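Trainee: File query08.txt follows (compact mmCIF, C-alpha atoms):
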# COMPACT_ATOMS: atom_id res chain seq x y z
CA MET A 1 -23.11 -16.50 118.30
CA LEU A 2 -19.38 -17.21 118.51
CA LYS A 3 -20.04 -20.27 120.67
CA ALA A 4 -22.39 -21.57 118.00
CA ILE A 5 -19.68 -21.01 115.39
CA TRP A 6 -17.21 -23.21 117.25
CA ILE A 7 -19.77 -25.93 117.97
CA GLY A 8 -20.89 -25.95 114.35
CA ALA A 9 -17.29 -26.24 113.20
CA PHE A 10 -16.76 -29.33 115.32
CA LEU A 11 -20.01 -31.17 114.62
CA PHE A 12 -19.42 -31.88 110.94
CA LEU A 13 -15.95 -33.32 111.49
CA ALA A 14 -17.10 -36.80 112.54
CA VAL A 15 -16.55 -38.48 109.18
CA ALA A 16 -15.41 -42.04 108.57
CA PRO A 17 -12.99 -42.15 105.60
CA GLY A 18 -9.61 -40.43 105.77
CA ILE A 19 -9.07 -37.32 103.73
CA ASN A 20 -6.76 -39.09 101.28
CA GLU A 21 -9.09 -42.07 100.74
CA ARG A 22 -11.37 -40.37 98.24
CA SER A 23 -11.37 -40.94 94.49
CA PRO A 24 -11.10 -38.16 91.90
CA GLN A 25 -14.67 -38.96 90.78
CA THR A 26 -15.95 -37.80 94.18
CA ILE A 27 -15.59 -34.23 92.91
CA LEU A 28 -18.54 -34.83 90.54
CA TRP A 29 -21.01 -34.75 93.43
CA ALA A 30 -18.99 -33.08 96.21
CA ALA A 31 -18.28 -29.84 94.31
CA PRO A 32 -21.93 -29.33 93.25
CA GLY A 33 -22.92 -30.10 96.85
CA ILE A 34 -20.59 -27.42 98.22
CA LEU A 35 -21.80 -25.00 95.54
CA LEU A 36 -25.47 -25.66 96.30
CA ALA A 37 -24.82 -25.32 100.04
CA SER A 38 -23.10 -22.00 99.42
CA MET A 39 -26.04 -20.76 97.35
CA LEU A 40 -28.65 -21.80 99.91
CA ILE A 41 -26.76 -20.17 102.78
CA ALA A 42 -26.12 -17.03 100.73
CA TRP A 43 -29.81 -16.67 99.82
CA ALA A 44 -30.87 -17.20 103.43
CA ALA A 45 -28.27 -14.73 104.71
CA GLU A 46 -29.20 -12.10 102.10
CA SER A 47 -32.85 -12.43 103.08
CA ALA A 48 -32.14 -12.21 106.81
CA GLN A 49 -29.71 -9.29 106.56
CA PHE A 50 -32.38 -7.20 104.85
CA PHE A 51 -33.91 -6.56 108.28
CA ILE A 52 -30.68 -5.62 110.09
CA ALA A 53 -28.58 -2.43 110.07
CA GLN A 54 -26.42 -2.60 106.95
CA GLY A 55 -22.97 -2.65 108.53
CA ALA A 56 -23.63 -5.48 110.99
CA ALA A 57 -25.69 -7.27 108.34
CA LEU A 58 -22.80 -7.21 105.90
CA ALA A 59 -20.48 -8.67 108.53
CA ILE A 60 -22.93 -11.51 109.28
CA LEU A 61 -23.67 -12.02 105.59
CA ALA A 62 -19.96 -12.17 104.77
CA TRP A 63 -19.42 -14.86 107.42
CA MET A 64 -22.39 -16.90 106.24
CA GLN A 65 -21.27 -16.68 102.62
CA THR A 66 -17.81 -17.96 103.53
CA LEU A 67 -19.11 -20.81 105.72
CA PRO A 68 -18.01 -23.39 103.08
CA GLU A 69 -14.54 -21.84 103.30
CA PHE A 70 -14.60 -22.41 107.06
CA ALA A 71 -15.72 -26.00 106.45
CA VAL A 72 -12.82 -26.72 104.09
CA GLU A 73 -10.31 -25.26 106.55
CA ALA A 74 -11.82 -27.18 109.47
CA VAL A 75 -11.56 -30.47 107.53
CA LEU A 76 -7.90 -29.77 106.75
CA ALA A 77 -7.19 -28.91 110.40
CA TRP A 78 -9.05 -31.98 111.68
CA HIS A 79 -7.02 -34.26 109.43
CA ARG A 80 -3.84 -32.36 110.38
CA GLN A 81 -2.98 -31.33 106.84
CA LEU A 82 -0.76 -28.57 108.18
CA PRO A 83 1.02 -27.65 104.91
CA SER A 84 -2.36 -27.08 103.22
CA LEU A 85 -4.07 -25.04 105.95
CA PHE A 86 -2.82 -21.66 104.82
CA ALA A 87 -3.01 -22.64 101.16
CA ASN A 88 -6.80 -22.44 101.08
CA LEU A 89 -6.90 -19.39 103.35
CA THR A 90 -4.40 -17.29 101.41
CA GLY A 91 -5.82 -18.36 98.06
CA ALA A 92 -9.34 -17.33 99.09
CA LEU A 93 -8.21 -13.97 100.48
CA ARG A 94 -6.13 -13.10 97.43
CA LEU A 95 -9.02 -14.18 95.20
CA LEU A 96 -11.43 -11.85 97.03
CA THR A 97 -9.16 -8.82 96.73
CA GLY A 98 -7.29 -9.49 93.50
CA LEU A 99 -10.27 -10.68 91.46
CA GLY A 100 -13.34 -9.79 93.54
CA TRP A 101 -12.67 -6.08 94.03
CA PRO A 102 -11.80 -5.46 90.35
CA MET A 103 -14.84 -7.52 89.31
CA ILE A 104 -17.07 -5.21 91.36
CA TYR A 105 -15.55 -2.15 89.71
CA CYS A 106 -15.96 -3.65 86.23
CA ALA A 107 -19.62 -4.55 86.86
CA ALA A 108 -20.35 -1.04 88.11
CA ALA A 109 -18.39 0.54 85.25
CA VAL A 110 -20.24 -1.43 82.56
CA ALA A 111 -23.62 -0.66 84.13
CA HIS A 112 -22.74 3.04 84.48
CA ARG A 113 -21.64 3.34 80.86
CA ARG A 114 -24.83 1.66 79.63
CA ARG A 115 -26.99 3.94 81.78
CA GLU A 116 -25.11 7.25 81.57
CA GLY A 117 -23.13 6.83 78.36
CA ARG A 118 -19.83 7.65 80.08
CA PRO A 119 -17.29 5.74 82.19
CA ILE A 120 -17.13 5.75 85.97
CA LYS A 121 -13.73 6.73 87.34
CA GLN A 122 -14.12 5.37 90.85
CA ILE A 123 -16.46 3.70 93.31
CA VAL A 124 -17.10 6.17 96.13
CA LEU A 125 -17.75 4.77 99.60
CA HIS A 126 -20.15 6.10 102.23
CA GLY A 127 -19.12 7.44 105.64
CA GLN A 128 -20.13 4.33 107.57
CA HIS A 129 -17.93 2.20 105.32
CA SER A 130 -14.92 3.69 107.12
CA VAL A 131 -15.56 1.13 109.88
CA GLN A 132 -14.81 -1.73 107.47
CA VAL A 133 -11.77 0.02 105.99
CA VAL A 134 -10.23 0.77 109.38
CA GLY A 135 -11.40 -2.62 110.66
CA LEU A 136 -9.27 -4.40 108.06
CA MET A 137 -6.15 -2.75 109.46
CA VAL A 138 -6.43 -4.29 112.96
CA PRO A 139 -6.17 -8.02 112.05
CA LEU A 140 -3.40 -7.24 109.56
CA ILE A 141 -1.35 -5.69 112.38
CA TYR A 142 -1.92 -8.70 114.62
CA LEU A 143 -1.16 -11.16 111.80
CA ALA A 144 2.24 -9.49 111.45
CA LEU A 145 2.92 -10.53 115.05
CA ILE A 146 1.81 -14.11 114.30
CA VAL A 147 4.13 -14.31 111.29
CA SER A 148 7.03 -12.91 113.31
CA LYS A 149 6.69 -15.62 115.99
CA GLY A 150 5.99 -18.33 113.39
CA SER A 151 2.94 -20.03 114.89
CA VAL A 152 -0.75 -19.65 115.79
CA HIS A 153 -1.67 -20.54 119.38
CA LEU A 154 -4.97 -20.80 121.22
CA VAL A 155 -4.19 -17.42 122.80
CA ASP A 156 -4.05 -15.99 119.30
CA SER A 157 -7.44 -17.60 118.63
CA ALA A 158 -8.94 -15.79 121.62
CA ILE A 159 -7.46 -12.45 120.59
CA LEU A 160 -8.55 -12.74 116.95
CA THR A 161 -12.05 -13.76 118.03
CA ALA A 162 -12.17 -10.74 120.34
CA ILE A 163 -11.10 -8.49 117.46
CA TYR A 164 -13.94 -9.78 115.31
CA ALA A 165 -16.45 -9.49 118.16
CA ALA A 166 -15.42 -5.86 118.70
CA TYR A 167 -15.73 -5.20 114.97
CA VAL A 168 -19.28 -6.62 114.83
CA ALA A 169 -20.25 -4.77 118.02
CA LEU A 170 -19.03 -1.51 116.52
CA LEU A 171 -20.97 -2.12 113.31
CA GLY A 172 -24.02 -2.85 115.42
CA ARG A 173 -23.88 0.70 116.77
CA MET A 174 -24.18 2.13 113.29
CA PRO A 175 -27.70 3.14 112.12
CA ALA A 176 -29.54 1.30 109.38
CA GLN A 177 -29.13 2.67 105.89
CA ASP A 178 -31.73 2.94 103.15
CA GLU A 179 -29.34 2.12 100.32
CA GLU A 180 -30.68 -1.36 99.68
CA GLY A 181 -34.31 -1.76 98.70
CA ILE A 182 -36.19 -4.91 97.88
CA GLU A 183 -35.50 -4.34 94.20
CA ASP A 184 -31.75 -4.67 94.88
CA LEU A 185 -32.10 -8.26 96.05
CA GLU A 186 -31.69 -11.24 93.76
CA ARG A 187 -34.80 -13.10 92.62
CA VAL A 188 -34.77 -15.86 95.26
CA PRO A 189 -34.06 -13.71 98.36
CA ARG A 190 -36.46 -11.07 97.02
CA ALA A 191 -39.22 -13.69 96.86
CA ILE A 192 -38.38 -14.77 100.41
CA VAL A 193 -38.45 -11.21 101.76
CA LEU A 194 -41.80 -10.51 100.10
CA SER A 195 -43.36 -13.65 101.57
CA PRO A 196 -45.65 -13.50 104.62
CA PRO A 197 -43.63 -13.43 107.89
CA ALA A 198 -44.32 -17.06 108.85
CA ARG A 199 -43.37 -18.42 105.42
CA ARG A 200 -40.38 -16.06 105.19
CA ASN A 201 -38.96 -17.23 108.52
CA ALA A 202 -39.59 -20.87 107.62
CA LEU A 203 -37.81 -20.50 104.27
CA ILE A 204 -34.80 -18.74 105.81
CA THR A 205 -34.53 -21.46 108.45
CA LEU A 206 -34.95 -24.22 105.86
CA PHE A 207 -32.25 -22.76 103.61
CA PHE A 208 -29.82 -22.38 106.50
CA LEU A 209 -30.42 -25.94 107.72
CA SER A 210 -30.27 -27.44 104.22
CA GLY A 211 -27.05 -25.60 103.45
CA GLY A 212 -25.54 -26.67 106.77
CA LEU A 213 -26.43 -30.32 106.20
CA LEU A 214 -24.97 -30.23 102.69
CA ILE A 215 -21.74 -28.81 104.07
CA TYR A 216 -21.71 -31.52 106.75
CA PHE A 217 -21.88 -34.30 104.15
CA THR A 218 -19.79 -32.77 101.35
CA ALA A 219 -16.93 -30.79 102.96
CA ASP A 220 -14.69 -33.76 103.73
CA PRO A 221 -15.35 -35.57 100.40
CA PHE A 222 -14.74 -32.30 98.54
CA VAL A 223 -11.35 -31.74 100.17
CA GLY A 224 -10.42 -35.41 99.74
CA SER A 225 -11.26 -35.29 96.05
CA MET A 226 -9.00 -32.24 95.69
CA PHE A 227 -6.07 -34.26 97.01
CA ALA A 228 -6.96 -37.24 94.81
CA ILE A 229 -7.19 -35.14 91.64
CA SER A 230 -3.94 -33.32 92.36
CA LEU A 231 -2.21 -36.66 92.89
CA SER A 232 -3.58 -38.14 89.66
CA LEU A 233 -2.57 -35.05 87.66
CA GLY A 234 0.82 -34.69 89.27
CA VAL A 235 -0.02 -31.17 90.44
CA PRO A 236 1.09 -30.13 93.94
CA SER A 237 -1.84 -30.42 96.34
CA PHE A 238 -0.91 -27.01 97.77
CA VAL A 239 -1.75 -25.40 94.42
CA PHE A 240 -5.03 -27.29 94.07
CA ILE A 241 -6.20 -26.44 97.58
CA GLN A 242 -5.08 -22.83 97.20
CA TRP A 243 -6.91 -22.05 93.98
CA VAL A 244 -9.52 -24.65 92.97
CA ALA A 245 -11.27 -24.95 96.35
CA PRO A 246 -11.70 -21.16 96.85
CA PHE A 247 -13.11 -20.72 93.35
CA VAL A 248 -15.92 -23.15 94.24
CA SER A 249 -16.56 -22.02 97.82
CA GLU A 250 -16.38 -18.28 97.06
CA PHE A 251 -18.56 -18.43 93.92
CA PRO A 252 -21.89 -17.49 95.59
CA GLU A 253 -20.33 -14.46 97.26
CA GLY A 254 -18.90 -13.33 93.95
CA LEU A 255 -22.29 -13.79 92.35
CA SER A 256 -24.05 -11.74 95.04
CA THR A 257 -21.57 -8.88 94.92
CA PHE A 258 -21.66 -8.85 91.12
CA TYR A 259 -25.46 -8.57 91.29
CA TRP A 260 -25.24 -5.62 93.69
CA ALA A 261 -22.45 -3.90 91.76
CA ARG A 262 -24.34 -3.91 88.47
CA THR A 263 -26.85 -1.47 90.01
CA VAL A 264 -23.94 1.04 90.38
CA GLU A 265 -25.46 2.45 93.59
CA GLY A 266 -24.96 -0.97 95.20
CA ALA A 267 -21.26 -1.13 94.25
CA PRO A 268 -20.02 0.38 97.57
CA MET A 269 -22.05 -2.16 99.52
CA ALA A 270 -20.75 -4.98 97.31
CA LEU A 271 -17.17 -3.84 97.92
CA MET A 272 -17.73 -3.65 101.67
CA ASN A 273 -19.20 -7.15 101.63
CA MET A 274 -15.88 -8.35 100.22
CA VAL A 275 -13.93 -6.34 102.81
CA SER A 276 -16.05 -7.87 105.60
CA SER A 277 -15.25 -11.32 104.20
CA ASN A 278 -11.55 -10.47 104.34
CA ILE A 279 -11.89 -9.39 107.98
CA ASN A 280 -13.80 -12.46 109.13
CA GLN A 281 -11.35 -14.82 107.43
CA TRP A 282 -8.32 -13.03 108.91
CA THR A 283 -9.92 -13.27 112.36
CA LEU A 284 -12.44 -16.10 112.88
CA LEU A 285 -11.05 -18.44 110.25
CA VAL A 286 -7.46 -18.16 111.46
CA ALA A 287 -8.71 -18.41 115.07
CA MET A 288 -10.56 -21.63 114.29
CA LEU A 289 -7.49 -23.52 113.02
CA PRO A 290 -5.58 -24.19 116.28
CA VAL A 291 -8.89 -24.90 118.06
CA VAL A 292 -9.87 -27.67 115.62
CA LEU A 293 -6.28 -28.93 115.51
CA SER A 294 -6.24 -29.17 119.31
CA PHE A 295 -9.48 -31.18 119.31
CA SER A 296 -8.07 -33.46 116.63
CA MET A 297 -4.88 -34.12 118.59
CA GLY A 298 -6.67 -34.49 121.91
CA GLY A 299 -4.70 -31.71 123.61
CA VAL A 300 -3.51 -28.14 123.32
CA ALA A 301 -1.75 -27.66 119.98
CA SER A 302 -0.35 -24.75 118.03
CA LEU A 303 -0.13 -24.32 114.28
CA PRO A 304 3.45 -23.78 113.07
CA LEU A 305 4.25 -21.78 109.95
CA ASP A 306 6.99 -23.07 107.68
CA GLY A 307 8.89 -20.97 105.16
CA GLN A 308 6.42 -21.45 102.31
CA GLN A 309 3.44 -20.66 104.52
CA LYS A 310 5.11 -17.53 105.86
CA LEU A 311 5.75 -16.33 102.30
CA GLU A 312 2.16 -17.04 101.27
CA VAL A 313 0.78 -15.21 104.33
CA LEU A 314 3.14 -12.27 103.80
CA MET A 315 2.16 -12.00 100.13
CA THR A 316 -1.50 -12.02 101.10
CA MET A 317 -0.93 -9.46 103.85
CA GLY A 318 0.94 -7.24 101.39
CA GLN A 319 -1.94 -7.41 98.92
CA GLN A 320 -4.48 -6.65 101.65
CA LEU A 321 -2.40 -3.75 102.91
CA VAL A 322 -2.22 -2.25 99.43
CA GLY A 323 -5.98 -2.68 99.04
CA MET A 324 -6.64 -1.07 102.42
CA VAL A 325 -4.42 1.92 101.61
CA PHE A 326 -6.25 2.31 98.29
CA LEU A 327 -9.53 2.61 100.23
CA VAL A 328 -8.18 5.10 102.79
CA ASN A 329 -9.45 7.97 100.64
CA MET A 330 -12.90 6.28 100.64
CA GLU A 331 -12.89 5.32 96.98
CA LEU A 332 -11.59 2.64 94.61
CA ALA A 333 -10.29 4.19 91.39
CA TRP A 334 -10.14 2.39 88.05
CA TRP A 335 -6.34 2.20 88.06
CA GLU A 336 -6.33 0.78 91.59
CA ALA A 337 -8.72 -1.99 90.55
CA LEU A 338 -6.51 -2.67 87.52
CA ALA A 339 -3.38 -2.77 89.68
CA LEU A 340 -4.91 -5.24 92.14
CA PHE A 341 -6.02 -7.53 89.32
CA SER A 342 -2.69 -7.36 87.45
CA MET A 343 -0.63 -8.25 90.52
CA TRP A 344 -3.02 -11.06 91.44
CA PHE A 345 -3.02 -12.47 87.90
CA VAL A 346 0.79 -12.55 87.69
CA GLN A 347 1.24 -14.49 90.93
CA PHE A 348 -1.73 -16.74 90.06
CA ILE A 349 -0.21 -17.77 86.73
CA PHE A 350 3.17 -18.56 88.26
CA SER A 351 1.53 -20.48 91.11
CA THR A 352 0.47 -23.16 88.63
CA PHE A 353 4.05 -24.23 87.77
CA ARG A 354 5.42 -27.23 89.63
CA PRO A 355 8.64 -26.45 91.55
CA ASP A 356 10.49 -29.33 89.83
CA ILE A 357 9.86 -28.00 86.30
CA PRO A 358 13.16 -26.65 84.86
CA PHE A 359 13.37 -22.86 84.71
CA TRP A 360 9.61 -22.17 85.16
CA GLY A 361 9.37 -23.90 88.55
CA PRO A 362 12.18 -21.93 90.24
CA LEU A 363 11.04 -18.77 88.41
CA GLY A 364 7.57 -19.19 89.91
CA GLN A 365 9.07 -19.34 93.39
CA HIS A 366 11.06 -16.17 92.74
CA VAL A 367 8.00 -14.40 91.30
CA HIS A 368 6.11 -15.04 94.54
CA LEU A 369 8.91 -13.39 96.49
CA TRP A 370 9.17 -10.47 94.04
CA VAL A 371 5.42 -9.88 94.10
CA THR A 372 5.47 -9.89 97.90
CA ILE A 373 8.26 -7.32 97.95
CA ILE A 374 6.44 -5.15 95.40
CA TYR A 375 3.27 -5.27 97.50
CA PHE A 376 5.04 -4.00 100.60
CA ILE A 377 7.05 -1.36 98.73
CA TRP A 378 3.85 -0.15 97.07
CA ALA A 379 2.02 -0.07 100.40
CA GLY A 380 4.92 1.85 101.94
CA TRP A 381 4.84 4.36 99.08
CA GLU A 382 1.12 4.91 99.45
CA LEU A 383 1.51 5.35 103.21
CA LEU A 384 4.23 7.94 102.56
CA ARG A 385 1.86 9.76 100.20
CA LEU A 386 -0.70 9.66 102.98
CA LEU A 387 1.72 11.23 105.44
CA ILE A 388 2.76 14.05 103.11
CA GLY A 389 -0.82 14.84 102.16
CA GLN A 390 -0.95 13.47 98.60
CA ARG A 391 -3.56 10.89 99.63
CA LYS A 392 -6.43 12.00 101.87
CA PRO A 393 -7.00 9.95 105.08
CA LEU A 394 -10.78 10.24 104.71
CA ALA A 395 -11.43 6.79 106.18
CA PHE A 396 -9.84 7.78 109.49
CA VAL A 397 -11.65 11.13 109.48
CA GLU A 398 -15.01 9.46 108.82
CA PHE A 399 -14.27 6.74 111.37
CA ALA A 400 -13.64 9.40 114.02
CA LYS A 401 -16.97 11.03 113.13
CA MET A 402 -18.80 7.69 113.35
CA TRP A 403 -17.17 6.98 116.71
CA ARG A 404 -18.12 10.35 118.17
CA GLN A 405 -21.66 10.22 116.83
CA TYR A 406 -22.67 6.61 117.52
CA VAL A 407 -20.27 5.29 120.17
CA SER A 408 -18.76 7.90 122.52
CA THR A 409 -21.61 10.43 122.48
CA PRO A 410 -24.41 7.94 123.30
CA ALA A 411 -22.26 6.56 126.12
CA GLN A 412 -21.79 10.04 127.57
CA ASN A 413 -25.48 10.76 127.31
CA ASN A 414 -26.35 7.54 129.10
CA GLY A 415 -23.90 8.41 131.87
Show the structure stored in the file as structure tokens.
Mentor:
Amino acid sequence: MLKAIWIGAFLFLAVAPGINERSPQTILWAAPGILLASMLIAWAAESAQFFIAQGAALAILAWMQTLPEFAVEAVLAWHRQLPSLFANLTGALRLLTGLGWPMIYCAAAVAHRRREGRPIKQIVLHGQHSVQVVGLMVPLIYLALIVSKGSVHLVDSAILTAIYAAYVALLGRMPAQDEEGIEDLERVPRAIVLSPPARRNALITLFFLSGGLLIYFTADPFVGSMFAISLSLGVPSFVFIQWVAPFVSEFPEGLSTFYWARTVEGAPMALMNMVSSNINQWTLLVAMLPVVLSFSMGGVASLPLDGQQKLEVLMTMGQQLVGMVFLVNMELAWWEALALFSMWFVQFIFSTFRPDIPFWGPLGQHVHLWVTIIYFIWAGWELLRLLIGQRKPLAFVEFAKMWRQYVSTPAQNNG
């Protein structure tokens, strides 16, 4: 599967015009094309994952849903837009956690109040979800090493790919769950799943191929139009690529998770779908960048991180670390969802100010640094609470149980 991922990433890069040769009007057909491709792939993935164990299915679904995100990053790497590479990545990751997680809680809370007449204080995760929570910690630790050395090499690509492969393999050992029934699917994937096997398989294949072809023809024009619009508006391209592109490419995933979360019982699965997306972008997406860059340059190349990129990656890592620590007790409380959204909204607002604007520009740069510091201080405080027993390490306890039950014990029995 991983070989197919790399091949697919390279195939759509053979495009004629340069990335900066597009007009702003290109967005009128490129953005809908990316959006439609995302929807088709999401519907096909949701239909296919219905027949796989939930943990592994969520990992595969999360990757499929973020395929347009991979396409945008691959286009940027192919055209050697190094300053913008981590703009799209960090913007998408912060969007998933800072807006996506709170959105899931809000959808579940509204549905719960309508059904039960009282608020829901937290979303409680299931035991198997500890694999995703603990799995998020591993790439964050390795990304700290990448930031410290200031570059991403092909060796890093191999290690990050191995981390993701191990994560999927571990999820594959988990048993299937009965949480999601046919009634929990959206209308289109539900119709596909209920179709006769031959028609169902044909529709899933057709949707995947159609979505892939749309990405092939629209990814480069979409990114080029982003640069053209930012230039015409006088807005830094970094800001446009960081926030506008992820809003389009991540929309179908947000729609799917919102649909699951509004059933209340599906909220944990919706949250874990977002966490799986975070993991695959921290691993496979980062791993892809120096590979595509090396192909573009015709030789082995590494991706350097300048000061701005390091700050953006550190801010994103801080946010992810806070989110992971919140989930260590296997639940997302209302105040935690509110905190994630508030911090994301503050840095998002100040990201829109141009650096050359008097007062507000420099203030925006300082706010990014302050928010990053707050994230890491907050994460440190929550880790301290974990060590002194004020926060329960249920995710690690459940992960140990899952490991003994589905990994180490079967291996001993087979021996």
Trainee: Under the rule that only C-alpha atoms are counted, which of A:Glu398, A:Glu46, A:Glu382, A:Asp220 is the nearest residue to Ile204 (chain A)?
Mentor: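 That would be A:Glu46, the residue with the smallest distance to Ile204 (chain A).
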Trainee: Do you have the CA of Ala44 (chain A)-CA of Val131 (chain A) distance handy?
Mentor: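 The value is 24.7 Å.
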Trainee: Report, in Å to a single decimal, how far apart CA of Met174 (chain A) and CA of Leu93 (chain A) are.
Mentor: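 One can read the CA of Leu93 (chain A) to CA of Met174 (chain A) distance as 26.0 Å.
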Trainee: Smallest atom-to-atom distance to Val223 (chain A): which of A:Gly98, A:Pro393, A:Pro68, A:Gly266, using only C-alpha atoms?
Mentor: A:Pro68
Trainee: What's around Ser351 (chain A) at 12 Å? Count all atoms listed in the file, leave out sequence neighbours fewer than 2 positions away in its own chain, and write the answer as an NGL selection string.
Mentor: :A and (87 or 91 or 235-244 or 312 or 344-349 or 353-355 or 360-369 or 371)
Trainee: Write a file of the selected residues as a PDB file, in the frame of the given file, keeping C-alpha atoms.
Mentor:
ATOM      1  CA  ALA A  87      -3.010 -22.640 101.160  1.00  0.00           C
ATOM      2  CA  GLY A  91      -5.820 -18.360  98.060  1.00  0.00           C
ATOM      3  CA  VAL A 235      -0.020 -31.170  90.440  1.00  0.00           C
ATOM      4  CA  PRO A 236       1.090 -30.130  93.940  1.00  0.00           C
ATOM      5  CA  SER A 237      -1.840 -30.420  96.340  1.00  0.00           C
ATOM      6  CA  PHE A 238      -0.910 -27.010  97.770  1.00  0.00           C
ATOM      7  CA  VAL A 239      -1.750 -25.400  94.420  1.00  0.00           C
ATOM      8  CA  PHE A 240      -5.030 -27.290  94.070  1.00  0.00           C
ATOM      9  CA  ILE A 241      -6.200 -26.440  97.580  1.00  0.00           C
ATOM     10  CA  GLN A 242      -5.080 -22.830  97.200  1.00  0.00           C
ATOM     11  CA  TRP A 243      -6.910 -22.050  93.980  1.00  0.00           C
ATOM     12  CA  VAL A 244      -9.520 -24.650  92.970  1.00  0.00           C
ATOM     13  CA  GLU A 312       2.160 -17.040 101.270  1.00  0.00           C
ATOM     14  CA  TRP A 344      -3.020 -11.060  91.440  1.00  0.00           C
ATOM     15  CA  PHE A 345      -3.020 -12.470  87.900  1.00  0.00           C
ATOM     16  CA  VAL A 346       0.790 -12.550  87.690  1.00  0.00           C
ATOM     17  CA  GLN A 347       1.240 -14.490  90.930  1.00  0.00           C
ATOM     18  CA  PHE A 348      -1.730 -16.740  90.060  1.00  0.00           C
ATOM     19  CA  ILE A 349      -0.210 -17.770  86.730  1.00  0.00           C
ATOM     20  CA  PHE A 353       4.050 -24.230  87.770  1.00  0.00           C
ATOM     21  CA  ARG A 354       5.420 -27.230  89.630  1.00  0.00           C
ATOM     22  CA  PRO A 355       8.640 -26.450  91.550  1.00  0.00           C
ATOM     23  CA  TRP A 360       9.610 -22.170  85.160  1.00  0.00           C
ATOM     24  CA  GLY A 361       9.370 -23.900  88.550  1.00  0.00           C
ATOM     25  CA  PRO A 362      12.180 -21.930  90.240  1.00  0.00           C
ATOM     26  CA  LEU A 363      11.040 -18.770  88.410  1.00  0.00           C
ATOM     27  CA  GLY A 364       7.570 -19.190  89.910  1.00  0.00           C
ATOM     28  CA  GLN A 365       9.070 -19.340  93.390  1.00  0.00           C
ATOM     29  CA  HIS A 366      11.060 -16.170  92.740  1.00  0.00           C
ATOM     30  CA  VAL A 367       8.000 -14.400  91.300  1.00  0.00           C
ATOM     31  CA  HIS A 368       6.110 -15.040  94.540  1.00  0.00           C
ATOM     32  CA  LEU A 369       8.910 -13.390  96.490  1.00  0.00           C
ATOM     33  CA  VAL A 371       5.420  -9.880  94.100  1.00  0.00           C
TER      34      VAL A 371
END
Trainee: Skipping near chain neighbours, those fewer than 4 positions away, what residues fall within 10 Å of Gly323 (chain A) using all atoms listed in the file, listed as a list in words?
Mentor: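 After dropping sequence-adjacent residues, the list is Thr97, Gly98, Trp101, Val133, Leu136, Val275, Met317, Gly318, Gln319, Leu327, Val328, Leu332, Glu336, Ala337, Ala339, Leu340, Tyr375 and Ala379 of chain A.
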Trainee: Of the candidates A:Ala71, A:Ile120, A:Leu209, A:Ala301, which one gets nearest to Asp156 (chain A) if we count all atoms listed in the file?
Mentor: A:Ala301
Trainee: Kindly indicate which residue among A:Ala42, A:Ala158, A:Ala108, A:Ile141 lies nearest to Leu289 (chain A), using all atoms listed in the file for the distances.
Mentor: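 The shortest atom-to-atom distance to Leu289 (chain A) comes from A:Ala158.
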Trainee: Restricting the calculation to only C-alpha atoms, which member of A:Phe208, A:Phe341, A:Tyr406, A:Trp370 is positioned closest to Leu311 (chain A)?
Mentor: A:Trp370
Trainee: Figure out the distance between CA of Thr90 (chain A) and CA of Gln25 (chain A), please, to one decimal in Å.
Mentor: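 Here the two named atoms are 26.2 Å from each other.
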Trainee: Identify which of the residues A:Lys121, A:His112, A:Lys310, A:Arg385 lies closest to Ala261 (chain A), counting only C-alpha atoms when measuring atom-to-atom distances.
Mentor: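 Residue with the minimum atom-to-atom distance to Ala261 (chain A): A:His112.
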